[in-house]
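Trainee: See input29.cif below, with mmCIF, C-alpha atoms and all ligand atoms.
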data_entry
#
loop_
_atom_site.label_atom_id
_atom_site.label_comp_id
_atom_site.auth_asym_id
_atom_site.auth_seq_id
_atom_site.Cartn_x
_atom_site.Cartn_y
_atom_site.Cartn_z
CA MET G 1 -41.62 180.07 89.14
CA ARG G 2 -41.97 181.43 92.64
CA ARG G 3 -41.16 179.67 95.86
CA PRO G 4 -42.55 179.97 99.39
CA CYS G 5 -41.65 183.11 101.33
CA LEU G 6 -39.00 182.68 104.04
CA THR G 7 -40.99 184.75 106.52
CA ALA G 8 -44.04 182.56 106.17
CA ILE G 9 -41.94 179.42 106.55
CA ALA G 10 -40.25 180.81 109.64
CA ILE G 11 -43.60 181.64 111.19
CA VAL G 12 -45.14 178.27 110.38
CA ALA G 13 -42.04 176.46 111.65
CA ALA G 14 -41.92 178.55 114.82
CA LEU G 15 -45.55 177.74 115.51
CA GLY G 16 -44.81 174.04 115.25
CA ALA G 17 -46.38 173.19 111.90
CA ALA G 18 -44.48 171.32 109.21
CA ALA G 19 -42.63 173.69 106.87
CA PRO G 20 -43.10 173.12 103.14
CA GLU G 21 -40.54 170.81 101.54
CA ALA G 22 -37.34 172.58 100.47
CA ALA G 23 -37.54 173.87 96.94
CA SER G 24 -34.67 174.17 94.53
CA GLY G 25 -32.64 177.30 95.25
CA PRO G 26 -33.29 180.02 97.73
CA LEU G 27 -36.60 180.08 99.55
CA VAL G 28 -37.76 183.49 98.46
CA GLU G 29 -40.86 184.58 96.67
CA ARG G 30 -39.16 187.43 94.83
CA PRO G 31 -36.59 187.27 92.05
CA ILE G 32 -33.06 187.57 93.35
CA VAL G 33 -30.47 190.23 92.53
CA ILE G 34 -26.93 188.86 92.19
CA ALA G 35 -24.02 191.27 92.59
CA HIS G 36 -22.13 190.28 89.45
CA ARG G 37 -18.37 190.20 90.20
CA GLY G 38 -19.45 192.30 93.23
CA ALA G 39 -20.89 195.74 92.51
CA SER G 40 -18.60 195.80 89.48
CA GLY G 41 -20.30 198.79 87.91
CA TYR G 42 -18.87 200.93 90.72
CA LEU G 43 -15.65 199.30 91.92
CA PRO G 44 -13.01 197.01 90.39
CA GLU G 45 -14.59 193.60 89.88
CA HIS G 46 -13.92 190.68 92.21
CA THR G 47 -12.45 192.77 95.03
CA VAL G 48 -13.50 192.59 98.67
CA GLU G 49 -14.67 196.20 98.38
CA ALA G 50 -16.90 195.41 95.38
CA TYR G 51 -18.52 192.45 97.15
CA ARG G 52 -19.11 194.49 100.30
CA LEU G 53 -20.65 197.30 98.26
CA GLY G 54 -22.94 194.78 96.55
CA ILE G 55 -24.17 193.65 99.96
CA ARG G 56 -24.66 197.25 101.13
CA GLN G 57 -26.72 197.86 98.00
CA GLY G 58 -29.06 195.02 98.98
CA ALA G 59 -27.91 192.17 96.70
CA ASP G 60 -29.18 188.71 97.67
CA PHE G 61 -26.06 186.95 96.35
CA ILE G 62 -22.47 187.89 95.56
CA GLU G 63 -20.88 186.32 92.49
CA PRO G 64 -17.21 185.31 92.30
CA ASP G 65 -15.80 183.79 89.12
CA LEU G 66 -13.10 181.32 90.11
CA PHE G 67 -9.71 180.10 88.96
CA LEU G 68 -7.06 178.00 90.71
CA THR G 69 -3.60 179.39 91.31
CA ARG G 70 -0.46 177.34 90.70
CA ASP G 71 -0.51 176.36 94.37
CA ARG G 72 -4.17 175.31 94.05
CA ARG G 73 -5.88 178.16 95.85
CA LEU G 74 -9.19 179.54 94.58
CA VAL G 75 -9.11 183.18 93.53
CA ALA G 76 -11.91 185.40 92.27
CA LEU G 77 -11.07 186.44 88.72
CA HIS G 78 -13.06 186.50 85.51
CA ASP G 79 -10.24 186.02 83.01
CA ASP G 80 -7.76 183.17 82.90
CA THR G 81 -5.04 185.82 82.59
CA LEU G 82 -4.14 188.62 84.95
CA ASN G 83 -3.57 191.14 82.16
CA ALA G 84 -6.87 193.03 82.00
CA THR G 85 -7.72 193.48 85.68
CA THR G 86 -4.38 193.75 87.49
CA ASN G 87 -1.05 195.53 87.14
CA ILE G 88 0.79 192.27 86.35
CA VAL G 89 2.64 193.72 83.36
CA GLU G 90 4.28 196.43 85.48
CA VAL G 91 4.93 194.10 88.42
CA ALA G 92 6.35 191.34 86.21
CA ALA G 93 8.83 193.84 84.77
CA GLU G 94 9.83 195.02 88.27
CA LYS G 95 10.19 191.56 89.76
CA GLY G 96 11.76 189.74 86.84
CA TRP G 97 8.68 187.60 86.15
CA THR G 98 8.50 188.38 82.44
CA ASP G 99 9.65 184.85 81.53
CA ARG G 100 6.43 183.56 83.13
CA ALA G 101 4.37 185.03 80.28
CA ARG G 102 3.01 182.84 77.51
CA ILE G 103 2.98 184.63 74.18
CA VAL G 104 -0.47 184.42 72.60
CA GLY G 105 -1.10 186.29 69.37
CA GLY G 106 2.19 188.10 69.88
CA VAL G 107 1.10 189.42 73.30
CA PRO G 108 2.62 188.30 76.63
CA ARG G 109 -0.17 186.73 78.69
CA TYR G 110 0.18 186.04 82.39
CA TYR G 111 -2.06 183.08 83.29
CA VAL G 112 -3.51 182.73 86.78
CA PHE G 113 -2.40 179.09 87.04
CA ASP G 114 1.24 180.05 86.44
CA PHE G 115 1.38 182.08 89.68
CA ASP G 116 1.14 181.21 93.37
CA LEU G 117 -1.38 182.97 95.54
CA ASP G 118 1.24 184.99 97.42
CA GLU G 119 2.45 186.36 94.07
CA ILE G 120 -1.05 187.25 92.90
CA ARG G 121 -1.65 189.03 96.22
CA GLN G 122 1.26 191.35 95.44
CA LEU G 123 -0.70 192.75 92.49
CA THR G 124 -3.15 195.62 92.46
CA ALA G 125 -6.60 194.83 91.09
CA ARG G 126 -8.08 197.39 88.79
CA SER G 127 -11.16 197.93 86.70
CA ARG G 128 -11.25 196.58 83.16
CA GLY G 129 -13.00 199.85 82.32
CA THR G 130 -15.21 198.45 79.57
CA ALA G 131 -18.87 199.47 79.15
CA GLY G 132 -21.00 198.57 82.15
CA TYR G 133 -17.99 198.22 84.50
CA SER G 134 -16.44 200.68 86.92
CA ARG G 135 -14.36 203.52 85.65
CA PRO G 136 -12.15 205.86 87.65
CA GLY G 137 -14.01 208.98 88.71
CA ASN G 138 -17.46 207.48 89.17
CA GLY G 139 -17.77 208.46 92.82
CA PHE G 140 -16.75 205.10 94.23
CA TYR G 141 -13.45 204.56 92.46
CA ASP G 142 -10.66 207.05 91.75
CA GLY G 143 -8.32 204.56 90.09
CA SER G 144 -5.53 204.78 92.65
CA GLU G 145 -6.69 202.57 95.54
CA PRO G 146 -4.60 199.50 96.39
CA PHE G 147 -7.30 196.89 95.72
CA LYS G 148 -6.30 193.22 95.85
CA VAL G 149 -7.49 190.18 93.95
CA ALA G 150 -9.89 188.48 96.38
CA THR G 151 -9.57 184.86 97.40
CA PHE G 152 -12.66 182.65 97.52
CA THR G 153 -12.05 182.32 101.26
CA GLU G 154 -12.44 186.09 101.59
CA VAL G 155 -15.70 186.00 99.64
CA LEU G 156 -17.05 183.34 102.01
CA GLU G 157 -15.77 185.32 104.99
CA ILE G 158 -17.68 188.39 103.84
CA ALA G 159 -20.98 186.49 103.52
CA HIS G 160 -20.40 184.58 106.76
CA GLN G 161 -19.49 187.71 108.71
CA HIS G 162 -22.53 189.53 107.33
CA TYR G 163 -24.76 186.67 108.45
CA ARG G 164 -23.17 186.57 111.94
CA GLU G 165 -23.53 190.32 112.39
CA THR G 166 -26.98 190.93 110.93
CA GLY G 167 -28.76 187.57 110.77
CA GLN G 168 -29.39 188.33 107.09
CA LEU G 169 -28.40 185.72 104.58
CA VAL G 170 -26.48 186.91 101.55
CA GLY G 171 -25.63 183.88 99.44
CA VAL G 172 -22.60 183.11 97.28
CA TYR G 173 -22.86 182.23 93.60
CA PRO G 174 -19.41 180.88 92.54
CA GLU G 175 -18.67 180.15 88.89
CA LEU G 176 -16.12 177.53 87.86
CA LYS G 177 -14.34 179.18 84.98
CA PHE G 178 -12.77 177.35 82.08
CA THR G 179 -9.43 177.94 80.44
CA GLN G 180 -8.65 176.91 76.88
CA ALA G 181 -4.96 177.46 77.49
CA LEU G 182 -4.48 173.97 78.94
CA GLY G 183 -6.19 172.12 76.08
CA PRO G 184 -9.37 170.03 76.44
CA ALA G 185 -7.88 167.29 78.66
CA GLY G 186 -5.86 169.71 80.78
CA GLY G 187 -8.88 172.00 80.98
CA ILE G 188 -11.13 169.29 82.35
CA ALA G 189 -8.51 168.15 84.89
CA TYR G 190 -8.18 171.76 86.01
CA LEU G 191 -11.98 172.09 86.26
CA THR G 192 -12.41 168.99 88.38
CA ALA G 193 -9.57 170.07 90.68
CA MET G 194 -11.33 173.42 90.99
CA ALA G 195 -14.68 171.72 91.72
CA ASP G 196 -13.08 169.65 94.49
CA ALA G 197 -11.43 172.74 95.97
CA LEU G 198 -14.75 174.59 95.83
CA LEU G 199 -16.66 171.89 97.73
CA ALA G 200 -13.87 171.65 100.29
CA GLU G 201 -13.96 175.40 100.91
CA LEU G 202 -17.75 175.56 101.15
CA SER G 203 -17.88 172.80 103.74
CA ASP G 204 -15.05 174.14 105.91
CA PRO G 205 -16.25 173.93 109.54
CA ARG G 206 -15.33 177.58 110.12
CA TRP G 207 -18.53 178.58 108.22
CA GLU G 208 -20.67 176.69 110.75
CA GLY G 209 -22.65 174.95 108.01
CA LEU G 210 -23.80 178.21 106.39
CA PHE G 211 -22.68 177.15 102.92
CA ASP G 212 -24.12 173.66 103.23
CA ARG G 213 -27.55 175.30 103.05
CA ARG G 214 -29.27 175.14 99.67
CA GLU G 215 -30.60 178.66 100.00
CA ALA G 216 -27.08 180.05 100.55
CA VAL G 217 -25.26 178.85 97.44
CA PHE G 218 -25.61 178.41 93.68
CA ILE G 219 -22.73 176.80 91.78
CA GLN G 220 -22.54 177.76 88.11
CA SER G 221 -20.52 176.82 85.07
CA PHE G 222 -20.61 177.12 81.30
CA ILE G 223 -19.19 173.61 81.10
CA PRO G 224 -21.81 170.87 81.56
CA ALA G 225 -19.07 168.38 82.43
CA ALA G 226 -18.20 170.44 85.51
CA LEU G 227 -21.79 170.33 86.77
CA GLN G 228 -22.15 166.63 85.88
CA TYR G 229 -19.01 165.98 87.91
CA LEU G 230 -20.46 167.90 90.84
CA ARG G 231 -24.02 166.49 90.69
CA PRO G 232 -23.40 163.28 92.67
CA LYS G 233 -21.10 165.09 95.09
CA THR G 234 -23.36 167.88 96.36
CA LYS G 235 -26.96 168.75 97.07
CA LEU G 236 -26.27 172.43 96.46
CA PRO G 237 -28.16 173.88 93.48
CA LEU G 238 -26.26 173.88 90.18
CA VAL G 239 -26.77 176.39 87.39
CA ALA G 240 -25.85 175.69 83.77
CA LEU G 241 -24.77 178.83 81.99
CA THR G 242 -26.07 178.64 78.48
CA PHE G 243 -23.98 179.90 75.67
CA THR G 244 -22.51 178.31 72.60
CA LEU G 245 -18.94 177.47 73.44
CA PRO G 246 -16.20 178.42 71.02
CA ASP G 247 -14.78 175.70 68.80
CA GLY G 248 -11.80 173.84 70.10
CA THR G 249 -12.92 173.43 73.71
CA GLY G 250 -13.72 169.76 73.16
CA PHE G 251 -17.05 170.19 74.96
CA PRO G 252 -20.51 169.89 73.45
CA PRO G 253 -22.07 173.32 73.04
CA VAL G 254 -24.82 174.33 75.43
CA PRO G 255 -27.75 175.98 73.63
CA THR G 256 -28.04 179.72 74.23
CA CYS G 257 -31.46 179.07 75.71
CA PRO G 258 -33.46 175.84 75.53
CA ALA G 259 -35.96 176.21 72.72
CA THR G 260 -37.90 173.04 73.48
CA LEU G 261 -39.12 171.30 76.60
CA GLU G 262 -36.91 168.30 75.75
CA ALA G 263 -33.82 170.53 75.60
CA ALA G 264 -34.76 172.09 78.93
CA GLN G 265 -35.37 168.68 80.49
CA ALA G 266 -31.94 167.53 79.32
CA LEU G 267 -30.41 170.41 81.29
CA ARG G 268 -32.66 169.63 84.27
CA ALA G 269 -31.02 166.18 84.44
CA PHE G 270 -27.97 167.76 86.04
CA ALA G 271 -28.88 171.38 86.80
CA ASP G 272 -31.39 173.19 88.99
CA GLY G 273 -31.29 176.34 86.95
CA ILE G 274 -29.90 178.05 83.91
CA GLY G 275 -28.07 181.33 83.51
CA VAL G 276 -29.08 182.88 80.23
CA ASN G 277 -27.42 185.68 78.32
CA ALA G 278 -29.93 188.57 78.30
CA PRO G 279 -30.40 188.83 74.51
CA ALA G 280 -31.35 185.12 74.41
CA ALA G 281 -33.76 185.30 77.36
CA THR G 282 -37.05 185.45 75.49
CA GLU G 283 -40.35 184.99 77.23
CA ALA G 284 -40.83 181.64 75.46
CA CYS G 285 -37.43 180.35 76.55
CA ILE G 286 -37.96 181.43 80.15
CA ARG G 287 -41.37 179.73 80.23
CA THR G 288 -40.03 176.52 78.68
CA ALA G 289 -37.15 176.31 81.13
CA GLN G 290 -39.39 176.96 84.11
CA GLU G 291 -41.86 174.36 82.87
CA ALA G 292 -39.00 171.85 83.00
CA GLY G 293 -38.37 172.86 86.63
CA LEU G 294 -35.36 175.07 85.99
CA LEU G 295 -34.78 178.41 87.66
CA VAL G 296 -33.86 181.13 85.17
CA HIS G 297 -31.26 183.77 86.00
CA VAL G 298 -30.33 186.34 83.37
CA TYR G 299 -26.89 187.90 82.83
CA THR G 300 -25.77 190.68 82.78
CA LEU G 301 -27.73 193.84 83.55
CA THR G 302 -26.17 197.19 84.37
CA ASP G 303 -27.62 200.60 85.30
CA ASP G 304 -30.68 200.74 83.05
CA PRO G 305 -33.82 200.31 85.18
CA GLU G 306 -35.88 199.44 82.10
CA ALA G 307 -33.81 196.32 81.49
CA TYR G 308 -34.69 195.08 84.98
CA ARG G 309 -38.37 195.87 84.39
CA LEU G 310 -38.25 193.92 81.14
CA PHE G 311 -36.78 190.74 82.59
CA PHE G 312 -38.70 190.83 85.88
CA GLY G 313 -41.79 191.29 83.71
CA ARG G 314 -40.85 188.17 81.76
CA GLY G 315 -40.83 186.22 85.01
CA VAL G 316 -37.14 185.49 85.56
CA ASP G 317 -36.07 184.10 88.92
CA GLY G 318 -33.03 186.34 89.20
CA VAL G 319 -30.68 188.76 87.49
CA PHE G 320 -26.91 189.18 87.53
CA SER G 321 -26.29 192.88 88.03
CA ASN G 322 -23.22 195.12 87.89
CA HIS G 323 -25.31 197.83 89.60
CA PRO G 324 -27.19 195.97 92.33
CA ASP G 325 -28.66 199.19 93.76
CA VAL G 326 -30.57 199.71 90.50
CA GLY G 327 -31.68 196.07 90.34
CA VAL G 328 -32.79 196.02 93.97
CA ARG G 329 -34.71 199.30 93.57
CA VAL G 330 -36.71 198.00 90.60
CA ARG G 331 -37.17 194.55 92.15
CA ASP G 332 -38.51 196.11 95.36
CA GLU G 333 -40.91 198.33 93.43
CA LEU G 334 -42.30 195.37 91.49
CA PHE G 335 -42.15 192.83 94.31
CA PRO G 336 -42.53 194.66 97.63
CA VAL G 337 -41.48 192.79 100.78
CA PRO G 338 -44.60 191.48 102.51
CA GLU G 339 -45.50 193.50 105.64
CA PRO G 340 -44.67 191.51 108.80
CA ALA G 341 -48.32 191.71 109.89
CA ALA G 342 -49.48 190.32 106.57
CA ALA G 343 -46.88 187.57 106.74
CA ALA G 344 -47.97 186.68 110.28
CA LEU G 345 -51.60 186.54 109.16
CA PHE G 346 -50.53 184.31 106.29
CA GLY G 347 -48.80 181.96 108.77
CA VAL G 348 -51.85 181.88 111.04
CA ALA G 349 -54.10 181.22 108.03
CA LEU G 350 -51.86 178.30 107.00
CA LEU G 351 -52.05 176.88 110.52
CA ALA G 352 -55.82 177.25 110.59
CA LEU G 353 -56.05 175.54 107.23
CA GLY G 354 -53.91 172.65 108.49
CA ALA G 355 -56.03 172.32 111.64
CA ALA G 356 -59.25 172.35 109.60
CA ARG G 357 -57.88 169.64 107.28
CA ARG G 358 -56.83 167.49 110.24
CA ALA G 359 -60.26 167.96 111.88
CA SER G 360 -62.12 166.98 108.71
CA ALA G 361 -59.83 163.93 108.29
O1 LIG R 1 -22.06 183.95 85.53
C1 LIG R 1 -23.00 184.68 84.88
C2 LIG R 1 -22.23 185.61 84.04
O2 LIG R 1 -21.29 186.15 84.91
C3 LIG R 1 -21.53 184.86 82.96
O3 LIG R 1 -20.74 185.70 82.33
O4 LIG R 1 -18.55 186.12 81.59
O5 LIG R 1 -19.54 187.61 83.28
O6 LIG R 1 -18.80 185.33 83.90
P1 LIG R 1 -19.32 186.21 82.84
CA CA R 2 -19.69 184.82 86.06
#
Go ahead and express the file in the form of structure tokens.
Ligand code: G3P
Ligand code: CA

Mentor:
Amino acid sequence: MRRPCLTAIAIVAALGAAAPEAASGPLVERPIVIAHRGASGYLPEHTVEAYRLGIRQGADFIEPDLFLTRDRRLVALHDDTLNATTNIVEVAAEKGWTDRARIVGGVPRYYVFDFDLDEIRQLTARSRGTAGYSRPGNGFYDGSEPFKVATFTEVLEIAHQHYRETGQLVGVYPELKFTQALGPAGGIAYLTAMADALLAELSDPRWEGLFDRREAVFIQSFIPAALQYLRPKTKLPLVALTFTLPDGTGFPPVPTCPATLEAAQALRAFADGIGVNAPAATEACIRTAQEAGLLVHVYTLTDDPEAYRLFFGRGVDGVFSNHPDVGVRVRDELFPVPEPAAAALFGVALLALGAARRASA
């Protein structure tokens, strides 16, 4: 599914003709590249530096996963605990916070929602170091820098500042994360509180309406209930992440990729798009979802250009990428930006067509 090109719309609008009706999602004719947790293949995920690098590498969107702190502030973190991507264990020992751990499987776990934001900001963020993610010594990251856990406000600031300074729109693609640690009822209460906080932050007047624009935001979640809660509250596009949820969440599982048109249409009832795990993103599934009117974004690609060729070739509308420079390079090869002269000619041709239609009417 491809949508009208922004340049053409700008030209038509500037020349006084009616612009095409807004489509679902960003008005671009090329698939988008989403900096997944920032440029997390090069720098510690979900840090200001990783998001900025993603933008420098040409990403169209930056992706924060979100959790709420104890004092109800949104922070960008993938896990519900601080263990894997910060130095909480060392800091807790220093500061006498060890009694704040919950013991899970014999291991002390420090949950995000047990800490206030000012405590989390005293931590150093670091790479999880697993395959596909940054490792010390890769040229961008030496493992010693004092990175911080980013707040959602900082993520919005980065995109807003970039837009103010360059006029180029880089969107935000927040994910409402789920925690099983609070149980099904506590988990849903936490999710809805997070959804409310998200909408409040996006509509803060300091962003001058930037994040009220449908082309500037996608909101994603693995939990259909979160999107169903949001649907009547926002016109922003919603993306259902498809994956079978583990037992015990109390939520109905979302199929890994809709196999039938009916399954895709059921998702379309509350979502504008789906985020599909790459191994499940078959050509048939992508086509079925798009036929139902869903955008299809695939997660998560890293530094292999062939993977991008494969999924762009299957017609996806976007990819989540830990290495946005690689994704952008392949995307630009396969979908070159239209030359301004060609775009202008396209706008003039549209105007001429409109005039001819009016004359014949
Ligand atoms: O949000 C798309 C993708 O990020 C989902 O996976 O686990 O990396 O958040 P995860
Ligand atoms: Ca995510």

Trainee: When the cut-off is 8 Å and you count only C-alpha atoms and all ligand atoms, which residues lie near ligand LIG 1 (chain R), shown as a list in words?

Mentor: His36, Arg37, Glu63, Asp65, His78, Glu175, Lys177, Gln220, Ser221, Phe222, Leu241, Gly275, Val276, Asn277, Val298, Tyr299, Thr300 and Phe320 of chain G

Trainee: Using all atoms listed in the file, which protein or nucleic acid residues come within 8 Å of Val316 (chain G)? Drop anything in the same chain fewer than 2 positions from it, and give the result as a PyMOL selection string.

Mentor: chain G and resi 1+31+286+295-298+311-314+318-319

Trainee: Report the distance between CA of Asp272 (chain G) and CA of Val337 (chain G) in Å, rounded to one decimal place.

Mentor: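 Atom-to-atom, CA of Asp272 (chain G) to CA of Val337 (chain G), that is 25.0 Å.
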
Trainee: Residues near Glu157 (chain G), anyone? I mean within 12 Å using only C-alpha atoms, not counting same-chain ones fewer than 2 positions away, as a JSON list (two decimals) with C-alpha atoms, keeping the file's coordinate frame.

Mentor:
[["chain", "number", "residue", "atom", "x", "y", "z"],
["G", 48, "VAL", "CA", -13.50, 192.59, 98.67],
["G", 51, "TYR", "CA", -18.52, 192.45, 97.15],
["G", 52, "ARG", "CA", -19.11, 194.49, 100.30],
["G", 62, "ILE", "CA", -22.47, 187.89, 95.56],
["G", 150, "ALA", "CA", -9.89, 188.48, 96.38],
["G", 151, "THR", "CA", -9.57, 184.86, 97.40],
["G", 152, "PHE", "CA", -12.66, 182.65, 97.52],
["G", 153, "THR", "CA", -12.05, 182.32, 101.26],
["G", 154, "GLU", "CA", -12.44, 186.09, 101.59],
["G", 155, "VAL", "CA", -15.70, 186.00, 99.64],
["G", 159, "ALA", "CA", -20.98, 186.49, 103.52],
["G", 160, "HIS", "CA", -20.40, 184.58, 106.76],
["G", 161, "GLN", "CA", -19.49, 187.71, 108.71],
["G", 162, "HIS", "CA", -22.53, 189.53, 107.33],
["G", 163, "TYR", "CA", -24.76, 186.67, 108.45],
["G", 164, "ARG", "CA", -23.17, 186.57, 111.94],
["G", 165, "GLU", "CA", -23.53, 190.32, 112.39],
["G", 170, "VAL", "CA", -26.48, 186.91, 101.55],
["G", 171, "GLY", "CA", -25.63, 183.88, 99.44],
["G", 172, "VAL", "CA", -22.60, 183.11, 97.28],
["G", 201, "GLU", "CA", -13.96, 175.40, 100.91],
["G", 202, "LEU", "CA", -17.75, 175.56, 101.15],
["G", 204, "ASP", "CA", -15.05, 174.14, 105.91],
["G", 206, "ARG", "CA", -15.33, 177.58, 110.12],
["G", 207, "TRP", "CA", -18.53, 178.58, 108.22],
["G", 208, "GLU", "CA", -20.67, 176.69, 110.75],
["G", 210, "LEU", "CA", -23.80, 178.21, 106.39],
["G", 211, "PHE", "CA", -22.68, 177.15, 102.92]]

Trainee: For CA of Arg109 (chain G) and CA of Ala92 (chain G), quote the distance in Å rounded to one decimal.

Mentor: 11.0 Å

Trainee: Tell me which of G:Ser127, G:Thr192, G:Thr242, G:Gln265 sits closest to ligand CA 2 (chain R), counting all atoms listed in the file.

Mentor: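 Under the stated criterion, the closest residue is G:Thr242.
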
Trainee: Report the distance between CA of Gly96 (chain G) and CA of Asp116 (chain G) in Å, rounded to one decimal place.

Mentor: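 Computed distance, CA of Gly96 (chain G) to CA of Asp116 (chain G), equals 15.1 Å.
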
Trainee: List as a ChimeraX atom specification the protein and nucleic acid residues near Leu82 (chain G), meaning an atom at most 9 Å away when only C-alpha atoms are counted, but skip any in the same chain fewer than 6 places from it.

Mentor: /G:88-89,109-112,120

Trainee: For ligand CA 2 (chain R), which residue out of G:Ala101, G:Ala280, G:Leu66, G:Ala125 is the nearest one, using all atoms listed in the file?

Mentor: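 Among G:Ala101, G:Ala280, G:Leu66, G:Ala125, it is G:Leu66 that comes nearest to ligand CA 2 (chain R).
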
Trainee: With all atoms listed in the file as the atoms that count, which of G:Asp79, G:Asp303, G:Glu215, G:Glu90 lies nearest to ligand CA 2 (chain R)?

Mentor: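 Of G:Asp79, G:Asp303, G:Glu215, G:Glu90, the one nearest ligand CA 2 (chain R) is G:Asp79, counting all atoms listed in the file.
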
Trainee: Please report, as a tab-separated table, each residue of region 158-220 of chain G lying at most 8 Å from region 233-239 of chain G, together with the nearest pair of atoms and the separation in Å rounded to one decimal; use all atoms listed in the file, and order rows by chain and ascending residue number.

Mentor:
residue	atom	partner	partner_atom	distance
G:Leu199	CA	G:Thr234	CA	7.9
G:Asp212	CA	G:Leu236	CA	7.2
G:Arg213	CA	G:Leu236	CA	7.3
G:Arg214	CA	G:Leu236	CA	5.2
G:Val217	CA	G:Leu236	CA	6.6
G:Phe218	CA	G:Pro237	CA	5.2
G:Ile219	CA	G:Leu238	CA	4.9
G:Gln220	CA	G:Val239	CA	4.5

Trainee: Add whatever atoms are absent from region 296-307 of chain G to reach N, CA, C and O atoms, and provide the output as a PDB file, in the coordinates of the input.

Mentor:
ATOM      1  N   VAL G 296     -34.483 180.377  86.265  1.00  0.00           N
ATOM      2  CA  VAL G 296     -33.860 181.130  85.170  1.00  0.00           C
ATOM      3  C   VAL G 296     -33.273 182.433  85.714  1.00  0.00           C
ATOM      4  O   VAL G 296     -34.005 183.275  86.250  1.00  0.00           O
ATOM      5  N   HIS G 297     -31.966 182.557  85.601  1.00  0.00           N
ATOM      6  CA  HIS G 297     -31.260 183.770  86.000  1.00  0.00           C
ATOM      7  C   HIS G 297     -30.627 184.386  84.754  1.00  0.00           C
ATOM      8  O   HIS G 297     -30.013 183.662  83.960  1.00  0.00           O
ATOM      9  N   VAL G 298     -30.783 185.680  84.602  1.00  0.00           N
ATOM     10  CA  VAL G 298     -30.330 186.340  83.370  1.00  0.00           C
ATOM     11  C   VAL G 298     -29.061 187.154  83.643  1.00  0.00           C
ATOM     12  O   VAL G 298     -28.958 187.843  84.655  1.00  0.00           O
ATOM     13  N   TYR G 299     -28.089 187.065  82.725  1.00  0.00           N
ATOM     14  CA  TYR G 299     -26.890 187.900  82.830  1.00  0.00           C
ATOM     15  C   TYR G 299     -26.733 188.720  81.568  1.00  0.00           C
ATOM     16  O   TYR G 299     -27.176 188.298  80.505  1.00  0.00           O
ATOM     17  N   THR G 300     -26.147 189.884  81.610  1.00  0.00           N
ATOM     18  CA  THR G 300     -25.770 190.680  82.780  1.00  0.00           C
ATOM     19  C   THR G 300     -26.397 192.042  82.601  1.00  0.00           C
ATOM     20  O   THR G 300     -26.224 192.656  81.545  1.00  0.00           O
ATOM     21  N   LEU G 301     -27.085 192.536  83.639  1.00  0.00           N
ATOM     22  CA  LEU G 301     -27.730 193.840  83.550  1.00  0.00           C
ATOM     23  C   LEU G 301     -26.855 194.880  84.238  1.00  0.00           C
ATOM     24  O   LEU G 301     -26.069 194.559  85.127  1.00  0.00           O
ATOM     25  N   THR G 302     -27.012 196.128  83.800  1.00  0.00           N
ATOM     26  CA  THR G 302     -26.170 197.190  84.370  1.00  0.00           C
ATOM     27  C   THR G 302     -27.043 198.268  85.033  1.00  0.00           C
ATOM     28  O   THR G 302     -27.785 197.969  85.956  1.00  0.00           O
ATOM     29  N   ASP G 303     -26.953 199.511  84.551  1.00  0.00           N
ATOM     30  CA  ASP G 303     -27.620 200.600  85.300  1.00  0.00           C
ATOM     31  C   ASP G 303     -28.895 201.091  84.634  1.00  0.00           C
ATOM     32  O   ASP G 303     -29.372 202.174  84.959  1.00  0.00           O
ATOM     33  N   ASP G 304     -29.450 200.324  83.714  1.00  0.00           N
ATOM     34  CA  ASP G 304     -30.680 200.740  83.050  1.00  0.00           C
ATOM     35  C   ASP G 304     -31.897 200.105  83.734  1.00  0.00           C
ATOM     36  O   ASP G 304     -32.125 198.890  83.588  1.00  0.00           O
ATOM     37  N   PRO G 305     -32.677 200.891  84.450  1.00  0.00           N
ATOM     38  CA  PRO G 305     -33.820 200.310  85.180  1.00  0.00           C
ATOM     39  C   PRO G 305     -34.797 199.583  84.258  1.00  0.00           C
ATOM     40  O   PRO G 305     -35.410 198.596  84.657  1.00  0.00           O
ATOM     41  N   GLU G 306     -34.908 200.065  83.018  1.00  0.00           N
ATOM     42  CA  GLU G 306     -35.880 199.440  82.100  1.00  0.00           C
ATOM     43  C   GLU G 306     -35.513 197.993  81.790  1.00  0.00           C
ATOM     44  O   GLU G 306     -36.396 197.153  81.560  1.00  0.00           O
ATOM     45  N   ALA G 307     -34.229 197.705  81.761  1.00  0.00           N
ATOM     46  CA  ALA G 307     -33.810 196.320  81.490  1.00  0.00           C
ATOM     47  C   ALA G 307     -34.296 195.399  82.614  1.00  0.00           C
ATOM     48  O   ALA G 307     -34.740 194.268  82.375  1.00  0.00           O
TER      49      ALA G 307
END
